[in-house]
Structures are given as structure tokens and as C-alpha cells.
Amino acid sequence: MLYSGIRKINVEKMDVLMGDNVMKAELIVNRYYEIGDVDDRLYSSFAEHIGRVVYEGIYEPGHPEADDMGFRQDVIRMVKQLNIPNVRYPGGNFLSVYDWEDGIGPKSERPVKLNSAWNSIETNQVGIDEFQEWAKRAGASVMMGVNLGTRGVEDACNCLEYCNGTSRTHYADLRRKNGFKEPFGIKTWCLGNEMGGIGQPCRKTPEEYGRLAAETAKMMKRIDPEIELVACGSSHRNMPRFGEWELTVLYHTYPFVDFLSIHQYYEKGSRSTEDYLAKSVDMNRYIKSVAAMCDTIREIKGLDKQMNLSFDEWNVLGKGIKQDGKGVYAPPLFECSYTFEDALVVGCMMITLQNNCDRVKIACLAQLVNAIAPFVTEKKGKLWKQTIFAPFFYSSLFGRGKTLLPIVECDCYSTKEHYNIPYLETSVIHRETEKELVVFAVNRSLAESMELEPVFEHFEGCRLIEQIELYSDDLAETNNADKERVMPNIVSAEQSIILKKHSWNMLRFQY
């Protein structure tokens, strides 16, 4: 069974009609109206040296599940279950203060330092030497970052030479001396992290960063012409210099880099549920506006290359998050208990990424484990799934193929923050090899269930073979180490397709 503990329920149309009002929604899908191919890296993740992500998450020597290198095998199994292809490392804000040399060579000689980005103790027992091996064991590739905060071009080139160098040169030989004869072969590299962010160590102006990133990119590609490079965009859409930052940085870097990064987190705060569930509309607008900026610079520069986006930090922020490490080792930073409501927003954000797969080629759910993550580990104990696990899990497993354009007819609602929000949020993935259409759908209505009528054009004999539903009567319901209350259900629908009020769904059709 794909999802341990999944429940099976029978839902008939009359059962729903007796308990709820039912609205109608029509979904039209044409085989030839494609948005684009989904890059597998859309289902990537992020492991920063923050809190308990690396230490007590990925790495916990002495744990009953620890392997020969101290990696928790239950975490590795979970990464494989989620089919995560790519993990961004080592930051995040941590990247802007990190000396990569601290995490290589004999562990007994590595310095213990203050992680000044998060005010915690960094032992450097895990560095690129260990992480690249962890990634291999987890079946993932590494998306490596270089420090353009406290460091610069030379250190970035040295790090690349250490990781990928094949010649008999100093840093490539240092890697060999440390026990790694073969290059790590890391393909994708981030040129810093959120370099215009207000809280970023050694933040830069757009002009400063644009020049630095361009020169770093040129030097790195001389060392390894096969790598892909990601330049920093704005930390989020509401940055004071949003737009100006993108246009300036792109003007300098466009010929030399392959992706522009974008980051976005949403939180409930004091806003209504209706507004919170509409945040994916803001996300969609953010993606399309940055893509338009990329295209503007392409025309100004007269270049043919399309600049794609790396949405390499995205998630929702739960309540009670701590951000100060208080000078201790592996503090519980950014740990929260996600609600069912949070899971619905994550489901909507995942749908938005799929519907923008023509420009968003990489997306990293932040973070991988413990800190704002889909699953949590107990020190010396077990692992358990957060409410947001299921939408990411099913999207990763069944959301690979071609995204088709969904044409939706349904009721809408408006709030003080948002106008004309459709109750149905949906994406459609064509898995041609499997002869399947997979529909991901969120019913945003808090009061009414939805009867969905799909119309599939040029897909003869299309029939529903599976409906997975994530639902709770209580939007504030959470999971914990003792009980995973919010879990997916297998729905056996004998009549119409019904999407319960405030529910996330995956519908698989075969033709």
C-alpha cells in the first residue's frame, strides 16, 4: 500500500446531499491544450543547517535506525517514498555565513562554530562530504549553494573544483585525499541565497549582487561548462524593491545563468480561512510577473534563451515558530504542528506549481524534515507525518507528465483581500505512458460540497479508477507523534464525483 494506514470509505451522492448543500462545477480538458512538461525537480526539497533538519533529522548517530555513517534510515526511506529527486543544500540564510571547507576532511579536525544565521552551535559533523553520500543513499541529487554573502567568487570556484574537478589540481586532489576518488558531479548550483533579503547576512543591492553573480557565474562555468546556475530573485513578492531587484539582476546575469529563484511562504495569521485558501492565487500572480520580467530582459538583450524559474523555497508557516537558536546545538527552530487548513493551502500551492510547469522547472518544499516540514523525527525515537504530507506525496507520485490546461466553470467568492476566487482549484496531469489523467482538486468552499463534471476531449473511454480524499470536519485538526488524525481516504463513489466542502482530492482517470 502506497500510504500506510490509509482508510477506505464509501461515499454515495445521497449521503452527501443529506448532510451538505452541493454546488456544481465543470472541468473541461482538451488533449491538445498543453501547458508544458512537468520537470521531476518540481517535487524537490530543501535541507538547511537550521534547527533539527540536519542534526537529529537526517543525521543522528546512535539512533536505532542509524546506518554506518549515522544517517537515519527511516528518514531515507521517507525521502524515497516521497520520490524526492533533488535536495537544495546547505541553505538558506546559513549559506551566507558558511565556510564550506569546515565540512570536509577528518571529522575530528572540523571546527565547532556559531551558526550566526540562526544563533546556534554548528559542529560541522555533516558537510558536503557527508551530504552528497546521504543524497546518493536517498536516491536524490544535490542542488548546492555557494556563499556570496561573507565570501565570493574565489571560494565559489574552489568549492566547485572540490566537488566536480577531474584534473590534478589542489581542490580536486583535496577531495581525493579525503577519500573521494570520483567527482561528486553536482549539476545545479545556487549563487547565494536571498541576497536582497532584509535579514540576510551581508545583503547586497541589486546592482552589487547582479555584478557579483554574473562574474561568479562566468568563472564557475569556465571550470565546469555543464553546470546549471540559479541567480537570486527577491525573497518574496512583497519585498520593497521587488521588480527592481529582478530586472537589475537579470540585466547583469541573463546570458550566464539558467534559472532565477523565487521564494514564498504563507501563514494564516489573523486572516480568514477564505483569504488563506486564496493565497495560491497570489502565488500564481507572482510566478507570472517574474516570468514576464525575465522575458522583458530577454528582449532587451536580444537573446533566444528562455529564463526558467527555480521556486526553491515554498511552504506555509504554522503557529508557534521559534527562530532564535539561543546558542545551543540542534534547537527546535521553525517547528510547528500543521493543521488540516494548512494542508489545503499546500495542496493549492502544489496545484499552482503544476499549472506553471512551463516556467517553474525546480521547486523545493522547505524544509525536508522537522523545520516546517512534511514529517517529523523524535530524538532517539520514531518518525511521523504532518498534515501537509499527503498533498505533496500524491503530487510527487502521480503528478509527473504533461500539465493540460484546465478550463473551469464554477462559482466564485470575494473577500477583503481577494476578488473573484474560484471555489475549485485544479490541475490536470496527462500520464501518457500509463494512459491516465490525474486531476488534483481543492474545493475551497467552507459550506458546500461540489459535484464535479469532467469533460475530457479526445480521450475516448475515460473512466474514474481512483479518488483519494483528504478531509477533516475540523480545519484546526493536527497530527502528532501519537496519532495521525488527518489522513487520506480512498473514496468509492458509485454515482457522481463529489468533492467535500474544504477538501483536497486526487482523481485518477484511465482511457
# chains A, B, ... in the order shown; residues from 1 in each chain; ligands from 1
>>> residues_around(residues="A:Asp173", least_positions_apart="6", cutoff="12 Å", atoms="only C-alpha atoms", output="NGL selection string")
:A and (158 or 161-167 or 179-183)
>>> write_last_selection(atoms="all heavy atoms", output="mmCIF file, in the first residue's frame")
data_model
loop_
_atom_site.group_PDB
_atom_site.id
_atom_site.type_symbol
_atom_site.label_atom_id
_atom_site.label_comp_id
_atom_site.auth_asym_id
_atom_site.auth_seq_id
_atom_site.Cartn_x
_atom_site.Cartn_y
_atom_site.Cartn_z
ATOM 1 N N ASN A 158 36.467 27.443 -5.864
ATOM 2 C CA ASN A 158 37.179 26.392 -5.135
ATOM 3 C C ASN A 158 36.242 25.264 -4.731
ATOM 4 O O ASN A 158 36.594 24.078 -4.809
ATOM 5 C CB ASN A 158 37.858 26.972 -3.902
ATOM 6 C CG ASN A 158 38.980 27.930 -4.239
ATOM 7 O OD1 ASN A 158 39.461 27.947 -5.368
ATOM 8 N ND2 ASN A 158 39.395 28.731 -3.275
ATOM 9 N N GLU A 161 35.437 23.231 -7.794
ATOM 10 C CA GLU A 161 36.568 22.384 -8.148
ATOM 11 C C GLU A 161 36.654 21.174 -7.221
ATOM 12 O O GLU A 161 36.919 20.049 -7.669
ATOM 13 C CB GLU A 161 37.870 23.184 -8.076
ATOM 14 C CG GLU A 161 39.111 22.386 -8.468
ATOM 15 C CD GLU A 161 40.405 23.109 -8.132
ATOM 16 O OE1 GLU A 161 40.429 24.352 -8.181
ATOM 17 O OE2 GLU A 161 41.395 22.420 -7.814
ATOM 18 N N TYR A 162 36.429 21.399 -5.931
ATOM 19 C CA TYR A 162 36.456 20.296 -4.965
ATOM 20 C C TYR A 162 35.397 19.249 -5.311
ATOM 21 O O TYR A 162 35.659 18.043 -5.286
ATOM 22 C CB TYR A 162 36.226 20.833 -3.556
ATOM 23 C CG TYR A 162 36.264 19.773 -2.466
ATOM 24 C CD1 TYR A 162 37.462 19.399 -1.877
ATOM 25 C CD2 TYR A 162 35.090 19.149 -2.032
ATOM 26 C CE1 TYR A 162 37.509 18.414 -0.893
ATOM 27 C CE2 TYR A 162 35.118 18.166 -1.054
ATOM 28 C CZ TYR A 162 36.324 17.806 -0.480
ATOM 29 O OH TYR A 162 36.367 16.828 0.486
ATOM 30 N N CYS A 163 34.205 19.712 -5.622
ATOM 31 C CA CYS A 163 33.088 18.784 -5.861
ATOM 32 C C CYS A 163 33.158 18.094 -7.219
ATOM 33 O O CYS A 163 32.870 16.898 -7.321
ATOM 34 C CB CYS A 163 31.760 19.524 -5.742
ATOM 35 S SG CYS A 163 31.362 20.088 -4.064
ATOM 36 N N ASN A 164 33.513 18.835 -8.252
ATOM 37 C CA ASN A 164 33.382 18.318 -9.617
ATOM 38 C C ASN A 164 34.696 18.177 -10.375
ATOM 39 O O ASN A 164 34.707 17.652 -11.490
ATOM 40 C CB ASN A 164 32.448 19.222 -10.436
ATOM 41 C CG ASN A 164 31.002 19.117 -10.006
ATOM 42 O OD1 ASN A 164 30.676 18.489 -9.003
ATOM 43 N ND2 ASN A 164 30.111 19.761 -10.748
ATOM 44 N N GLY A 165 35.786 18.641 -9.794
ATOM 45 C CA GLY A 165 37.045 18.674 -10.527
ATOM 46 C C GLY A 165 37.577 17.296 -10.902
ATOM 47 O O GLY A 165 37.504 16.346 -10.113
ATOM 48 N N THR A 166 38.132 17.194 -12.107
ATOM 49 C CA THR A 166 38.700 15.934 -12.590
ATOM 50 C C THR A 166 40.206 16.018 -12.815
ATOM 51 O O THR A 166 40.870 14.992 -12.981
ATOM 52 C CB THR A 166 38.030 15.514 -13.918
ATOM 53 O OG1 THR A 166 38.212 16.560 -14.888
ATOM 54 C CG2 THR A 166 36.547 15.260 -13.714
ATOM 55 N N SER A 167 40.769 17.227 -12.851
ATOM 56 C CA SER A 167 42.199 17.407 -13.102
ATOM 57 C C SER A 167 43.004 17.192 -11.820
ATOM 58 O O SER A 167 42.445 17.096 -10.722
ATOM 59 C CB SER A 167 42.463 18.819 -13.645
ATOM 60 O OG SER A 167 41.751 19.038 -14.840
ATOM 61 N N GLY A 179 39.183 10.951 0.570
ATOM 62 C CA GLY A 179 38.581 9.640 0.376
ATOM 63 C C GLY A 179 37.598 9.528 -0.759
ATOM 64 O O GLY A 179 36.917 8.501 -0.902
ATOM 65 N N PHE A 180 37.510 10.565 -1.617
ATOM 66 C CA PHE A 180 36.530 10.549 -2.701
ATOM 67 C C PHE A 180 37.263 10.667 -4.036
ATOM 68 O O PHE A 180 37.525 11.775 -4.532
ATOM 69 C CB PHE A 180 35.517 11.695 -2.530
ATOM 70 C CG PHE A 180 34.803 11.668 -1.212
ATOM 71 C CD1 PHE A 180 35.254 12.456 -0.153
ATOM 72 C CD2 PHE A 180 33.708 10.846 -1.007
ATOM 73 C CE1 PHE A 180 34.606 12.434 1.075
ATOM 74 C CE2 PHE A 180 33.058 10.805 0.216
ATOM 75 C CZ PHE A 180 33.516 11.599 1.264
ATOM 76 N N LYS A 181 37.594 9.531 -4.592
ATOM 77 C CA LYS A 181 38.348 9.498 -5.842
ATOM 78 C C LYS A 181 37.543 10.101 -6.982
ATOM 79 O O LYS A 181 38.073 10.869 -7.797
ATOM 80 C CB LYS A 181 38.746 8.057 -6.172
ATOM 81 C CG LYS A 181 39.549 7.915 -7.447
ATOM 82 C CD LYS A 181 39.921 6.451 -7.708
ATOM 83 C CE LYS A 181 40.697 6.306 -9.015
ATOM 84 N NZ LYS A 181 41.040 4.878 -9.285
ATOM 85 N N GLU A 182 36.258 9.731 -7.068
ATOM 86 C CA GLU A 182 35.410 10.199 -8.164
ATOM 87 C C GLU A 182 34.763 11.541 -7.812
ATOM 88 O O GLU A 182 34.406 11.795 -6.650
ATOM 89 C CB GLU A 182 34.324 9.173 -8.473
ATOM 90 C CG GLU A 182 34.861 7.832 -8.947
ATOM 91 C CD GLU A 182 35.695 7.947 -10.196
ATOM 92 O OE1 GLU A 182 35.325 8.750 -11.080
ATOM 93 O OE2 GLU A 182 36.720 7.235 -10.308
ATOM 94 N N PRO A 183 34.588 12.411 -8.797
ATOM 95 C CA PRO A 183 33.901 13.688 -8.552
ATOM 96 C C PRO A 183 32.468 13.465 -8.083
ATOM 97 O O PRO A 183 31.842 12.449 -8.394
ATOM 98 C CB PRO A 183 33.930 14.371 -9.922
ATOM 99 C CG PRO A 183 34.967 13.655 -10.703
ATOM 100 C CD PRO A 183 35.021 12.260 -10.192
#
>>> select_by_dssp(residues="stretch 148-353 of chain A", states="strand (DSSP E or B)", output="ChimeraX atom specification")
/A:188-191,228-231,259-267,308-317,329,339
>>> atom_distance(atom1="atom CA of A:Thr426", atom2="atom CA of A:Ala441")
4.4 Å
>>> select_by_dssp(residues="stretch 310-375 of chain A", states="helix (DSSP H, G or I)", output="ChimeraX atom specification")
/A:340-354
>>> residues_around(residues="stretch 78-88 of chain A", least_positions_apart="6", cutoff="9 Å", atoms="only C-alpha atoms", output="PyMOL selection string")
chain A and resi 2-3+40-48+135+138-145+189-190+312+362+364+368+375+389+392-394+396-397
>>> residues_around(residues="A:Gly149", least_positions_apart="3", cutoff="10 Å", atoms="only C-alpha atoms", output="list in words")
Asn93, Phe94, Leu95, Ser96, Val97, Tyr98, Val146, Gly152, Leu191, Gly192, Asn193, Glu194, Met195, Gln200, Pro201, Cys202, Arg203, Lys204 and Tyr209 of chain A
>>> write_last_selection(atoms="N, CA and C atoms", output="compact mmCIF listing (two decimals), in the first residue's frame")
# COMPACT_ATOMS: atom_id res chain seq x y z
N ASN A 93 19.58 31.04 4.77
CA ASN A 93 20.38 32.08 5.41
C ASN A 93 21.72 31.54 5.89
N PHE A 94 21.76 30.28 6.30
CA PHE A 94 23.00 29.67 6.75
C PHE A 94 24.09 29.77 5.68
N LEU A 95 23.69 29.67 4.42
CA LEU A 95 24.65 29.69 3.33
C LEU A 95 25.47 30.97 3.32
N SER A 96 24.85 32.10 3.71
CA SER A 96 25.51 33.40 3.61
C SER A 96 26.59 33.62 4.67
N VAL A 97 26.75 32.66 5.61
CA VAL A 97 27.81 32.76 6.62
C VAL A 97 28.67 31.51 6.64
N TYR A 98 28.50 30.62 5.66
CA TYR A 98 29.09 29.28 5.72
C TYR A 98 30.44 29.22 5.01
N VAL A 146 26.51 28.29 -3.09
CA VAL A 146 27.80 28.91 -2.76
C VAL A 146 27.54 30.22 -2.03
N GLY A 152 32.88 34.88 -1.66
CA GLY A 152 32.74 35.42 -3.00
C GLY A 152 33.18 34.49 -4.10
N LEU A 191 23.64 30.62 -6.70
CA LEU A 191 24.58 31.72 -6.49
C LEU A 191 24.11 32.56 -5.31
N GLY A 192 24.32 32.01 -4.11
CA GLY A 192 23.89 32.70 -2.90
C GLY A 192 22.44 32.41 -2.56
N ASN A 193 21.95 33.07 -1.53
CA ASN A 193 20.58 32.89 -1.06
C ASN A 193 19.99 34.24 -0.66
N GLU A 194 18.85 34.59 -1.26
CA GLU A 194 18.08 35.78 -0.87
C GLU A 194 18.98 36.98 -0.61
N MET A 195 19.87 37.29 -1.54
CA MET A 195 20.90 38.29 -1.28
C MET A 195 20.36 39.70 -1.12
N GLN A 200 19.18 39.13 5.65
CA GLN A 200 20.25 38.30 5.10
C GLN A 200 21.62 38.82 5.52
N PRO A 201 22.51 37.96 6.05
CA PRO A 201 23.87 38.40 6.34
C PRO A 201 24.56 38.92 5.08
N CYS A 202 25.18 40.10 5.19
CA CYS A 202 25.91 40.71 4.07
C CYS A 202 25.03 40.89 2.84
N ARG A 203 23.82 41.39 3.06
CA ARG A 203 22.91 41.61 1.94
C ARG A 203 23.50 42.60 0.96
N LYS A 204 23.01 42.51 -0.28
CA LYS A 204 23.54 43.32 -1.37
C LYS A 204 22.42 44.18 -1.98
N TYR A 209 24.75 42.77 -6.24
CA TYR A 209 24.59 41.33 -6.41
C TYR A 209 24.63 40.93 -7.88
>>> residues_around(residues="stretch 22-35 of chain A", least_positions_apart="5", cutoff="9 Å", atoms="only C-alpha atoms", output="PyMOL selection string")
chain A and resi 16-17+355-358+402-411+423-424+426+428+430+447-459+498+500-501
